[in-house]
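The data block below is start_26.csv; it holds CSV, N, CA, C and O atoms and all ligand atoms.
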chain,number,residue,atom,x,y,z
A,1,PRO,N,98.3,100.9,113.2
A,1,PRO,CA,99.0,99.6,113.0
A,1,PRO,C,100.4,99.6,113.6
A,1,PRO,O,100.8,100.7,114.1
A,2,TYR,N,101.0,98.5,113.5
A,2,TYR,CA,102.4,98.4,114.0
A,2,TYR,C,103.3,98.4,112.8
A,2,TYR,O,102.9,98.2,111.6
A,3,VAL,N,104.6,98.8,113.0
A,3,VAL,CA,105.5,99.1,112.0
A,3,VAL,C,106.8,98.4,112.2
A,3,VAL,O,107.3,98.5,113.4
A,4,VAL,N,107.4,97.8,111.2
A,4,VAL,CA,108.8,97.3,111.3
A,4,VAL,C,109.7,98.4,111.0
A,4,VAL,O,109.6,99.1,110.0
A,5,THR,N,110.7,98.6,111.8
A,5,THR,CA,111.7,99.7,111.6
A,5,THR,C,113.0,99.2,111.1
A,5,THR,O,113.2,98.0,111.0
A,6,ASP,N,113.9,100.1,110.9
A,6,ASP,CA,115.2,99.7,110.3
A,6,ASP,C,116.1,98.8,111.2
A,6,ASP,O,117.0,98.2,110.7
A,7,LEU,N,115.7,98.6,112.5
A,7,LEU,CA,116.5,97.7,113.3
A,7,LEU,C,116.4,96.3,112.8
A,7,LEU,O,117.2,95.4,113.0
A,8,CYS,N,115.3,96.0,112.0
A,8,CYS,CA,115.2,94.6,111.4
A,8,CYS,C,116.2,94.4,110.3
A,8,CYS,O,116.5,93.2,110.0
A,9,THR,N,116.6,95.4,109.7
A,9,THR,CA,117.5,95.3,108.5
A,9,THR,C,118.7,94.5,108.8
A,9,THR,O,119.5,94.8,109.7
A,10,GLY,N,118.9,93.4,108.0
A,10,GLY,CA,120.1,92.6,108.2
A,10,GLY,C,119.9,91.5,109.2
A,10,GLY,O,120.8,90.6,109.4
A,11,CYS,N,118.8,91.5,110.0
A,11,CYS,CA,118.5,90.4,111.0
A,11,CYS,C,117.4,89.5,110.5
A,11,CYS,O,117.7,88.3,110.2
A,12,ARG,N,116.2,90.1,110.3
A,12,ARG,CA,115.1,89.4,109.8
A,12,ARG,C,114.9,88.0,110.5
A,12,ARG,O,114.8,87.0,109.8
A,13,TYR,N,114.7,88.1,111.8
A,13,TYR,CA,114.5,86.9,112.5
A,13,TYR,C,113.2,86.1,112.3
A,13,TYR,O,113.1,84.9,112.4
A,14,THR,N,112.2,86.9,111.9
A,14,THR,CA,110.8,86.4,111.6
A,14,THR,C,110.1,85.7,112.7
A,14,THR,O,109.1,85.0,112.5
A,15,GLU,N,110.5,85.8,114.0
A,15,GLU,CA,109.6,85.4,115.1
A,15,GLU,C,108.2,86.1,115.0
A,15,GLU,O,107.2,85.5,115.3
A,16,CYS,N,108.2,87.3,114.5
A,16,CYS,CA,107.0,88.1,114.3
A,16,CYS,C,106.0,87.3,113.4
A,16,CYS,O,104.8,87.3,113.7
A,17,VAL,N,106.6,86.7,112.4
A,17,VAL,CA,105.7,86.0,111.4
A,17,VAL,C,104.9,84.9,112.1
A,17,VAL,O,103.8,84.6,111.8
A,18,SER,N,105.6,84.2,113.0
A,18,SER,CA,105.0,83.0,113.6
A,18,SER,C,103.9,83.3,114.6
A,18,SER,O,103.1,82.5,114.9
A,19,VAL,N,103.9,84.6,115.1
A,19,VAL,CA,102.9,84.9,116.1
A,19,VAL,C,101.7,85.7,115.5
A,19,VAL,O,100.7,85.8,116.1
A,20,CYS,N,101.9,86.3,114.3
A,20,CYS,CA,100.8,87.2,113.8
A,20,CYS,C,99.6,86.3,113.4
A,20,CYS,O,99.7,85.4,112.7
A,21,PRO,N,98.4,86.7,114.0
A,21,PRO,CA,97.2,85.9,113.7
A,21,PRO,C,96.6,86.2,112.4
A,21,PRO,O,95.7,85.5,112.0
A,22,VAL,N,97.1,87.3,111.7
A,22,VAL,CA,96.4,87.6,110.4
A,22,VAL,C,97.3,87.8,109.2
A,22,VAL,O,97.0,88.4,108.2
A,23,GLU,N,98.5,87.2,109.3
A,23,GLU,CA,99.4,87.1,108.2
A,23,GLU,C,99.7,88.5,107.6
A,23,GLU,O,99.5,88.7,106.4
A,24,CYS,N,100.1,89.4,108.5
A,24,CYS,CA,100.4,90.8,108.1
A,24,CYS,C,101.8,90.9,107.4
A,24,CYS,O,102.0,91.9,106.7
A,25,PHE,N,102.7,89.9,107.6
A,25,PHE,CA,104.1,90.2,107.3
A,25,PHE,C,104.4,89.9,105.8
A,25,PHE,O,104.0,88.9,105.3
A,26,HIS,N,105.2,90.9,105.3
A,26,HIS,CA,105.8,90.7,104.0
A,26,HIS,C,107.3,90.7,104.2
A,26,HIS,O,107.8,91.1,105.2
A,27,ILE,N,108.0,90.3,103.1
A,27,ILE,CA,109.5,90.1,103.3
A,27,ILE,C,110.2,90.4,102.1
A,27,ILE,O,109.7,90.2,101.0
A,28,ASP,N,111.4,90.9,102.3
A,28,ASP,CA,112.4,91.0,101.1
A,28,ASP,C,113.7,90.5,101.6
A,28,ASP,O,113.8,89.8,102.6
A,29,ASP,N,114.8,90.8,100.8
A,29,ASP,CA,116.1,90.2,101.1
A,29,ASP,C,116.7,90.7,102.4
A,29,ASP,O,117.7,90.2,102.9
A,30,THR,N,116.1,91.8,103.0
A,30,THR,CA,116.8,92.4,104.1
A,30,THR,C,115.9,92.5,105.4
A,30,THR,O,116.5,92.5,106.5
A,31,MET,N,114.6,92.5,105.3
A,31,MET,CA,113.8,92.7,106.5
A,31,MET,C,112.3,92.3,106.2
A,31,MET,O,112.0,91.9,105.1
A,32,THR,N,111.5,92.4,107.3
A,32,THR,CA,110.1,92.2,107.1
A,32,THR,C,109.4,93.6,107.2
A,32,THR,O,109.9,94.6,107.6
A,33,TYR,N,108.1,93.5,106.7
A,33,TYR,CA,107.2,94.7,106.7
A,33,TYR,C,105.8,94.3,107.1
A,33,TYR,O,105.4,93.2,106.9
A,34,ILE,N,105.1,95.2,107.8
A,34,ILE,CA,103.7,94.9,108.2
A,34,ILE,C,102.8,95.6,107.3
A,34,ILE,O,102.9,96.8,107.0
A,35,ASP,N,101.8,94.9,106.8
A,35,ASP,CA,100.7,95.4,106.0
A,35,ASP,C,99.7,96.2,106.9
A,35,ASP,O,99.0,95.6,107.8
A,36,PRO,N,99.7,97.5,106.8
A,36,PRO,CA,98.9,98.3,107.8
A,36,PRO,C,97.4,98.1,107.6
A,36,PRO,O,96.6,98.4,108.5
A,37,GLU,N,97.0,97.6,106.4
A,37,GLU,CA,95.6,97.4,106.2
A,37,GLU,C,95.1,96.1,106.9
A,37,GLU,O,93.9,96.0,107.1
A,38,ASN,N,96.0,95.2,107.1
A,38,ASN,CA,95.6,93.9,107.8
A,38,ASN,C,95.9,93.9,109.3
A,38,ASN,O,95.2,93.1,110.0
A,39,CYS,N,96.8,94.7,109.7
A,39,CYS,CA,97.2,94.6,111.1
A,39,CYS,C,96.1,95.0,112.0
A,39,CYS,O,95.4,96.0,111.8
A,40,ILE,N,95.8,94.1,113.0
A,40,ILE,CA,94.7,94.3,113.9
A,40,ILE,C,95.1,94.9,115.3
A,40,ILE,O,94.4,94.9,116.3
A,41,ASP,N,96.4,95.3,115.3
A,41,ASP,CA,96.9,96.0,116.5
A,41,ASP,C,96.9,95.1,117.8
A,41,ASP,O,96.7,95.6,118.9
A,42,CYS,N,97.2,93.8,117.6
A,42,CYS,CA,97.2,92.9,118.7
A,42,CYS,C,98.4,93.1,119.6
A,42,CYS,O,98.5,92.8,120.7
A,43,GLY,N,99.5,93.6,118.9
A,43,GLY,CA,100.8,93.8,119.6
A,43,GLY,C,101.6,92.5,119.9
A,43,GLY,O,102.6,92.6,120.5
A,44,GLY,N,101.1,91.4,119.4
A,44,GLY,CA,101.8,90.1,119.7
A,44,GLY,C,103.2,90.1,119.1
A,44,GLY,O,104.1,89.3,119.7
A,45,CYS,N,103.5,90.7,118.0
A,45,CYS,CA,104.8,90.7,117.4
A,45,CYS,C,105.8,91.5,118.2
A,45,CYS,O,107.0,91.2,118.0
A,46,VAL,N,105.4,92.4,119.0
A,46,VAL,CA,106.4,93.4,119.6
A,46,VAL,C,107.4,92.6,120.5
A,46,VAL,O,108.6,92.8,120.4
A,47,PRO,N,106.9,91.9,121.5
A,47,PRO,CA,107.8,91.3,122.5
A,47,PRO,C,108.6,90.1,121.9
A,47,PRO,O,109.7,89.8,122.5
A,48,VAL,N,108.2,89.6,120.8
A,48,VAL,CA,109.0,88.4,120.3
A,48,VAL,C,110.1,88.8,119.3
A,48,VAL,O,111.0,88.0,119.0
A,49,CYS,N,110.2,90.1,118.9
A,49,CYS,CA,111.3,90.5,118.1
A,49,CYS,C,112.6,90.6,118.9
A,49,CYS,O,112.6,91.4,119.8
A,50,PRO,N,113.6,89.9,118.5
A,50,PRO,CA,114.8,89.8,119.3
A,50,PRO,C,115.6,91.2,119.4
A,50,PRO,O,116.4,91.4,120.2
A,51,VAL,N,115.3,92.1,118.4
A,51,VAL,CA,116.0,93.3,118.4
A,51,VAL,C,115.1,94.5,118.7
A,51,VAL,O,115.5,95.7,118.6
A,52,GLY,N,113.8,94.3,119.0
A,52,GLY,CA,112.9,95.4,119.3
A,52,GLY,C,112.6,96.3,118.1
A,52,GLY,O,112.5,97.5,118.3
A,53,ALA,N,112.5,95.6,116.9
A,53,ALA,CA,112.3,96.4,115.7
A,53,ALA,C,110.9,96.9,115.5
A,53,ALA,O,110.7,97.8,114.6
A,54,ILE,N,109.9,96.3,116.2
A,54,ILE,CA,108.5,96.6,115.8
A,54,ILE,C,108.0,97.6,116.9
A,54,ILE,O,108.1,97.3,118.1
A,55,LYS,N,107.3,98.6,116.4
A,55,LYS,CA,106.7,99.6,117.3
A,55,LYS,C,105.3,99.9,116.8
A,55,LYS,O,105.0,99.8,115.6
A,56,ALA,N,104.4,100.4,117.7
A,56,ALA,CA,103.1,101.0,117.3
A,56,ALA,C,103.4,102.2,116.5
A,56,ALA,O,104.3,103.0,116.9
A,57,ALA,N,102.7,102.5,115.5
A,57,ALA,CA,102.9,103.6,114.6
A,57,ALA,C,102.9,104.9,115.4
A,57,ALA,O,103.7,105.8,115.2
A,58,HIS,N,102.0,105.0,116.4
A,58,HIS,CA,101.8,106.3,117.2
A,58,HIS,C,102.9,106.4,118.2
A,58,HIS,O,103.0,107.5,118.9
A,59,LYS,N,103.7,105.4,118.4
A,59,LYS,CA,104.8,105.5,119.4
A,59,LYS,C,106.2,105.7,118.8
A,59,LYS,O,107.2,105.6,119.5
A,60,LEU,N,106.2,105.8,117.5
A,60,LEU,CA,107.5,105.9,116.8
A,60,LEU,C,108.2,107.2,117.2
A,60,LEU,O,107.6,108.3,117.2
A,61,ALA,N,109.5,107.1,117.4
A,61,ALA,CA,110.3,108.3,117.6
A,61,ALA,C,110.3,109.1,116.3
A,61,ALA,O,110.1,108.6,115.2
A,62,PRO,N,110.5,110.5,116.3
A,62,PRO,CA,110.4,111.3,115.1
A,62,PRO,C,111.3,110.8,114.0
A,62,PRO,O,110.9,110.8,112.8
A,63,ASP,N,112.5,110.3,114.3
A,63,ASP,CA,113.4,109.8,113.3
A,63,ASP,C,113.0,108.5,112.7
A,63,ASP,O,113.7,108.0,111.8
A,64,LYS,N,111.9,107.9,113.2
A,64,LYS,CA,111.5,106.6,112.7
A,64,LYS,C,110.1,106.7,112.0
A,64,LYS,O,109.7,105.7,111.4
A,65,VAL,N,109.5,107.8,112.0
A,65,VAL,CA,108.2,108.0,111.4
A,65,VAL,C,108.1,107.6,109.9
A,65,VAL,O,107.1,107.1,109.5
A,66,GLU,N,109.2,107.9,109.3
A,66,GLU,CA,109.3,107.5,107.8
A,66,GLU,C,109.0,106.0,107.6
A,66,GLU,O,108.5,105.7,106.5
A,67,TRP,N,109.1,105.2,108.6
A,67,TRP,CA,108.9,103.8,108.4
A,67,TRP,C,107.5,103.4,108.2
A,67,TRP,O,107.1,102.3,107.7
A,68,ILE,N,106.6,104.3,108.6
A,68,ILE,CA,105.1,104.0,108.4
A,68,ILE,C,104.9,103.9,106.9
A,68,ILE,O,104.3,103.0,106.3
A,69,GLU,N,105.4,104.9,106.1
A,69,GLU,CA,105.3,105.0,104.7
A,69,GLU,C,106.1,103.9,104.0
A,69,GLU,O,105.6,103.3,103.0
A,70,ILE,N,107.3,103.6,104.5
A,70,ILE,CA,108.1,102.5,103.9
A,70,ILE,C,107.4,101.2,104.0
A,70,ILE,O,107.4,100.4,103.1
A,71,ASN,N,106.8,100.9,105.2
A,71,ASN,CA,106.1,99.6,105.3
A,71,ASN,C,104.9,99.6,104.3
A,71,ASN,O,104.7,98.6,103.7
A,72,ARG,N,104.2,100.7,104.3
A,72,ARG,CA,103.0,100.7,103.4
A,72,ARG,C,103.5,100.4,101.9
A,72,ARG,O,102.8,99.7,101.2
A,73,ARG,N,104.5,101.1,101.5
A,73,ARG,CA,105.0,101.0,100.1
A,73,ARG,C,105.5,99.6,99.9
A,73,ARG,O,105.2,99.0,98.8
A,74,ARG,N,106.3,99.1,100.8
A,74,ARG,CA,107.0,97.8,100.5
A,74,ARG,C,106.1,96.6,100.5
A,74,ARG,O,106.3,95.6,99.8
A,75,VAL,N,105.0,96.6,101.3
A,75,VAL,CA,104.1,95.5,101.3
A,75,VAL,C,103.4,95.4,99.9
A,75,VAL,O,103.0,94.3,99.5
A,76,ALA,N,103.3,96.5,99.2
A,76,ALA,CA,102.8,96.4,97.8
A,76,ALA,C,103.7,95.8,96.8
A,76,ALA,O,103.4,95.4,95.7
A,77,GLU,N,105.0,95.7,97.2
A,77,GLU,CA,106.1,95.3,96.3
A,77,GLU,C,106.7,93.9,96.7
A,77,GLU,O,107.6,93.5,96.0
A,78,THR,N,106.2,93.3,97.8
A,78,THR,CA,106.9,92.1,98.3
A,78,THR,C,105.9,91.1,98.6
A,78,THR,O,104.7,91.4,98.9
A,79,PRO,N,106.3,89.8,98.7
A,79,PRO,CA,105.4,88.7,99.0
A,79,PRO,C,105.0,88.6,100.5
A,79,PRO,O,105.8,89.0,101.3
A,80,VAL,N,103.9,88.1,100.7
A,80,VAL,CA,103.5,87.7,102.1
A,80,VAL,C,104.4,86.5,102.6
A,80,VAL,O,104.7,85.6,101.8
A,81,VAL,N,104.8,86.5,103.8
A,81,VAL,CA,105.5,85.4,104.4
A,81,VAL,C,104.6,84.8,105.5
A,81,VAL,O,104.1,85.6,106.4
A,82,THR,N,104.4,83.5,105.5
A,82,THR,CA,103.4,83.0,106.5
A,82,THR,C,104.1,82.0,107.5
A,82,THR,O,103.4,81.5,108.4
A,83,SER,N,105.3,81.7,107.3
A,83,SER,CA,106.0,80.9,108.3
A,83,SER,C,107.4,81.4,108.5
A,83,SER,O,108.0,82.1,107.7
A,84,ARG,N,107.9,81.0,109.7
A,84,ARG,CA,109.2,81.5,110.1
A,84,ARG,C,110.3,81.0,109.2
A,84,ARG,O,110.3,79.9,108.7
A,85,LEU,N,111.3,81.9,109.0
A,85,LEU,CA,112.5,81.6,108.1
A,85,LEU,C,113.7,81.7,109.0
A,85,LEU,O,113.7,82.3,110.0
A,86,PRO,N,114.8,81.1,108.5
A,86,PRO,CA,116.1,81.3,109.3
A,86,PRO,C,116.5,82.8,109.2
A,86,PRO,O,116.2,83.4,108.2
A,87,PRO,N,117.1,83.3,110.3
A,87,PRO,CA,117.6,84.7,110.2
A,87,PRO,C,118.7,84.8,109.2
A,87,PRO,O,119.3,83.8,108.7
A,88,LEU,N,118.9,86.1,108.8
A,88,LEU,CA,120.0,86.3,107.8
A,88,LEU,C,121.4,86.1,108.4
A,88,LEU,O,121.5,86.1,109.6
A,89,PRO,N,122.4,85.7,107.5
A,89,PRO,CA,123.7,85.5,108.0
A,89,PRO,C,124.2,86.8,108.8
A,89,PRO,O,124.0,87.9,108.3
A,90,GLY,N,124.8,86.6,110.0
A,90,GLY,CA,125.3,87.7,110.7
A,90,GLY,C,124.3,88.3,111.7
A,90,GLY,O,124.6,89.3,112.4
A,91,ALA,N,123.0,87.7,111.7
A,91,ALA,CA,122.0,88.3,112.5
A,91,ALA,C,122.3,88.3,114.0
A,91,ALA,O,122.1,89.3,114.7
A,92,ASP,N,122.9,87.2,114.5
A,92,ASP,CA,123.2,87.2,115.9
A,92,ASP,C,124.2,88.2,116.3
A,92,ASP,O,124.1,88.8,117.4
A,93,GLU,N,125.2,88.4,115.5
A,93,GLU,CA,126.2,89.4,115.8
A,93,GLU,C,125.6,90.8,115.8
A,93,GLU,O,125.9,91.7,116.6
A,94,ARG,N,124.7,91.0,114.8
A,94,ARG,CA,124.0,92.3,114.7
A,94,ARG,C,123.1,92.5,116.0
A,94,ARG,O,123.1,93.6,116.5
A,95,LYS,N,122.5,91.5,116.4
A,95,LYS,CA,121.6,91.6,117.5
A,95,LYS,C,122.4,92.0,118.8
A,95,LYS,O,122.0,92.9,119.5
A,96,GLN,N,123.6,91.4,119.0
A,96,GLN,CA,124.4,91.7,120.1
A,96,GLN,C,124.8,93.2,120.1
A,96,GLN,O,124.8,93.8,121.1
A,97,ALA,N,125.1,93.7,118.9
A,97,ALA,CA,125.5,95.1,118.8
A,97,ALA,C,124.4,96.0,119.1
A,97,ALA,O,124.5,97.0,119.8
A,98,ILE,N,123.1,95.6,118.7
A,98,ILE,CA,122.0,96.4,119.0
A,98,ILE,C,121.7,96.4,120.5
A,98,ILE,O,121.4,97.5,121.1
A,99,ILE,N,121.7,95.2,121.1
A,99,ILE,CA,121.4,95.1,122.5
A,99,ILE,C,122.5,95.9,123.4
A,99,ILE,O,122.1,96.5,124.4
A,100,ALA,N,123.7,96.0,122.9
A,100,ALA,CA,124.8,96.6,123.6
A,100,ALA,C,124.7,98.1,123.5
A,100,ALA,O,125.4,98.8,124.3
A,101,ARG,N,123.8,98.7,122.7
A,101,ARG,CA,123.8,100.1,122.5
A,101,ARG,C,123.3,100.8,123.8
A,101,ARG,O,122.4,100.3,124.4
A,201,LIG,FE1,100.3,91.0,113.3
A,201,LIG,FE2,99.4,91.7,115.7
A,201,LIG,FE3,101.9,92.4,114.9
A,201,LIG,FE4,99.7,93.5,113.7
A,201,LIG,S1,100.4,93.8,115.9
A,201,LIG,S2,101.5,92.7,112.7
A,201,LIG,S3,98.3,91.8,113.8
A,201,LIG,S4,101.2,90.3,115.3
Take the structure from the file and write it as structure tokens.
Ligand code: SF4
Amino acid sequence: PYVVTDLCTGCRYTECVSVCPVECFHIDDTMTYIDPENCIDCGGCVPVCPVGAIKAAHKLAPDKVEWIEINRRRVAETPVVTSRLPPLPGADERKQAIIAR
């Protein structure tokens, strides 16, 4: 499956939600998460994320591997989101900082 990583935290643009064909995405107050049981590995959400927060699980850097389990745990605790939402306040500034890294 694909995994949302910490780069989403505080941005939560949700472009990913609008392209996912199988409603994989869950949401909380800070970010989105992918349900690994539903993800069909289409990869459609990867290029639309403005901050590059989504990666294939097998391509995660060692310091991001923990996000596999975090996504799995958080989807059990959070609601499904099926349509795009406004990004969080400050998301654009955060995005610029991430892109500038
Ligand atoms: Fe949805 Fe495809 Fe992204 Fe999986 S890879 S979360 S199925 S858009």
Test item: residues lying within 8 Å of ligand LIG 201 (chain A) with all atoms listed in the file, as a ChimeraX atom specification: /A:1-4,15-25,33-36,38-46,54-56
Now that the selection is made, can you save its residues with N, CA, C and O atoms as a short mmCIF file (atom, residue, chain, number, x, y, z; two decimals), in the frame of the given file?
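The result, written out as out-v1.cif:
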data_model
loop_
_atom_site.label_atom_id
_atom_site.label_comp_id
_atom_site.auth_asym_id
_atom_site.auth_seq_id
_atom_site.Cartn_x
_atom_site.Cartn_y
_atom_site.Cartn_z
N PRO A 1 98.30 100.90 113.20
CA PRO A 1 99.00 99.60 113.00
C PRO A 1 100.40 99.60 113.60
O PRO A 1 100.80 100.70 114.10
N TYR A 2 101.00 98.50 113.50
CA TYR A 2 102.40 98.40 114.00
C TYR A 2 103.30 98.40 112.80
O TYR A 2 102.90 98.20 111.60
N VAL A 3 104.60 98.80 113.00
CA VAL A 3 105.50 99.10 112.00
C VAL A 3 106.80 98.40 112.20
O VAL A 3 107.30 98.50 113.40
N VAL A 4 107.40 97.80 111.20
CA VAL A 4 108.80 97.30 111.30
C VAL A 4 109.70 98.40 111.00
O VAL A 4 109.60 99.10 110.00
N GLU A 15 110.50 85.80 114.00
CA GLU A 15 109.60 85.40 115.10
C GLU A 15 108.20 86.10 115.00
O GLU A 15 107.20 85.50 115.30
N CYS A 16 108.20 87.30 114.50
CA CYS A 16 107.00 88.10 114.30
C CYS A 16 106.00 87.30 113.40
O CYS A 16 104.80 87.30 113.70
N VAL A 17 106.60 86.70 112.40
CA VAL A 17 105.70 86.00 111.40
C VAL A 17 104.90 84.90 112.10
O VAL A 17 103.80 84.60 111.80
N SER A 18 105.60 84.20 113.00
CA SER A 18 105.00 83.00 113.60
C SER A 18 103.90 83.30 114.60
O SER A 18 103.10 82.50 114.90
N VAL A 19 103.90 84.60 115.10
CA VAL A 19 102.90 84.90 116.10
C VAL A 19 101.70 85.70 115.50
O VAL A 19 100.70 85.80 116.10
N CYS A 20 101.90 86.30 114.30
CA CYS A 20 100.80 87.20 113.80
C CYS A 20 99.60 86.30 113.40
O CYS A 20 99.70 85.40 112.70
N PRO A 21 98.40 86.70 114.00
CA PRO A 21 97.20 85.90 113.70
C PRO A 21 96.60 86.20 112.40
O PRO A 21 95.70 85.50 112.00
N VAL A 22 97.10 87.30 111.70
CA VAL A 22 96.40 87.60 110.40
C VAL A 22 97.30 87.80 109.20
O VAL A 22 97.00 88.40 108.20
N GLU A 23 98.50 87.20 109.30
CA GLU A 23 99.40 87.10 108.20
C GLU A 23 99.70 88.50 107.60
O GLU A 23 99.50 88.70 106.40
N CYS A 24 100.10 89.40 108.50
CA CYS A 24 100.40 90.80 108.10
C CYS A 24 101.80 90.90 107.40
O CYS A 24 102.00 91.90 106.70
N PHE A 25 102.70 89.90 107.60
CA PHE A 25 104.10 90.20 107.30
C PHE A 25 104.40 89.90 105.80
O PHE A 25 104.00 88.90 105.30
N TYR A 33 108.10 93.50 106.70
CA TYR A 33 107.20 94.70 106.70
C TYR A 33 105.80 94.30 107.10
O TYR A 33 105.40 93.20 106.90
N ILE A 34 105.10 95.20 107.80
CA ILE A 34 103.70 94.90 108.20
C ILE A 34 102.80 95.60 107.30
O ILE A 34 102.90 96.80 107.00
N ASP A 35 101.80 94.90 106.80
CA ASP A 35 100.70 95.40 106.00
C ASP A 35 99.70 96.20 106.90
O ASP A 35 99.00 95.60 107.80
N PRO A 36 99.70 97.50 106.80
CA PRO A 36 98.90 98.30 107.80
C PRO A 36 97.40 98.10 107.60
O PRO A 36 96.60 98.40 108.50
N ASN A 38 96.00 95.20 107.10
CA ASN A 38 95.60 93.90 107.80
C ASN A 38 95.90 93.90 109.30
O ASN A 38 95.20 93.10 110.00
N CYS A 39 96.80 94.70 109.70
CA CYS A 39 97.20 94.60 111.10
C CYS A 39 96.10 95.00 112.00
O CYS A 39 95.40 96.00 111.80
N ILE A 40 95.80 94.10 113.00
CA ILE A 40 94.70 94.30 113.90
C ILE A 40 95.10 94.90 115.30
O ILE A 40 94.40 94.90 116.30
N ASP A 41 96.40 95.30 115.30
CA ASP A 41 96.90 96.00 116.50
C ASP A 41 96.90 95.10 117.80
O ASP A 41 96.70 95.60 118.90
N CYS A 42 97.20 93.80 117.60
CA CYS A 42 97.20 92.90 118.70
C CYS A 42 98.40 93.10 119.60
O CYS A 42 98.50 92.80 120.70
N GLY A 43 99.50 93.60 118.90
CA GLY A 43 100.80 93.80 119.60
C GLY A 43 101.60 92.50 119.90
O GLY A 43 102.60 92.60 120.50
N GLY A 44 101.10 91.40 119.40
CA GLY A 44 101.80 90.10 119.70
C GLY A 44 103.20 90.10 119.10
O GLY A 44 104.10 89.30 119.70
N CYS A 45 103.50 90.70 118.00
CA CYS A 45 104.80 90.70 117.40
C CYS A 45 105.80 91.50 118.20
O CYS A 45 107.00 91.20 118.00
N VAL A 46 105.40 92.40 119.00
CA VAL A 46 106.40 93.40 119.60
C VAL A 46 107.40 92.60 120.50
O VAL A 46 108.60 92.80 120.40
N ILE A 54 109.90 96.30 116.20
CA ILE A 54 108.50 96.60 115.80
C ILE A 54 108.00 97.60 116.90
O ILE A 54 108.10 97.30 118.10
N LYS A 55 107.30 98.60 116.40
CA LYS A 55 106.70 99.60 117.30
C LYS A 55 105.30 99.90 116.80
O LYS A 55 105.00 99.80 115.60
N ALA A 56 104.40 100.40 117.70
CA ALA A 56 103.10 101.00 117.30
C ALA A 56 103.40 102.20 116.50
O ALA A 56 104.30 103.00 116.90
#
Shell of 8 Å around Thr32 of chain A, only C-alpha atoms, local chain residues under 2 positions omitted, as an MDAnalysis selection string: chainID A and resid 4 8 12 14 25:28 30 34
List every residue of segment 10-81 of chain A that DSSP, applied to the backbone, labels as strand (DSSP E), and write the result as a ChimeraX atom specification. /A:25-27,32-34,54-56
One decimal, Å: what's the distance from atom CA of Pro79 of chain A over to atom CA of Asp29 of chain A, could you say?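 Spanning atom CA of Pro79 of chain A to atom CA of Asp29 of chain A is a straight-line distance of 11.0 Å.
Nearest to Leu7 of chain A of all the residues A:Ser83, A:Asn71, A:Ala57, A:Lys95 is A:Lys95, counting only N, CA, C and O atoms.
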All helix (DSSP H, G or I) residues (DSSP, backbone) inside segment 30-71 of chain A, as a ChimeraX atom specification: /A:45-48,57-59,62-64,66-71
Using only N, CA, C and O atoms, can you tell me which of A:Arg72, A:Arg84, A:Lys64, A:His58 comes closest to Asp6 of chain A? A:Lys64
State, in Å with one decimal place, the distance from atom CA of Pro86 of chain A to atom CA of Cys11 of chain A.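 We find that atom CA of Pro86 of chain A and atom CA of Cys11 of chain A lie 9.6 Å from each other.
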If you measure from atom C of Glu66 of chain A to atom O of Thr78 of chain A, what distance in Å do you get, rounded to one decimal?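 Straight-line distance from atom C of Glu66 of chain A to atom O of Thr78 of chain A works out to 17.5 Å.
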For Pro87 of chain A, which of A:Ile99, A:Gly10, A:Thr5, A:Val65 is the closest residue, counting all atoms listed in the file? A:Gly10
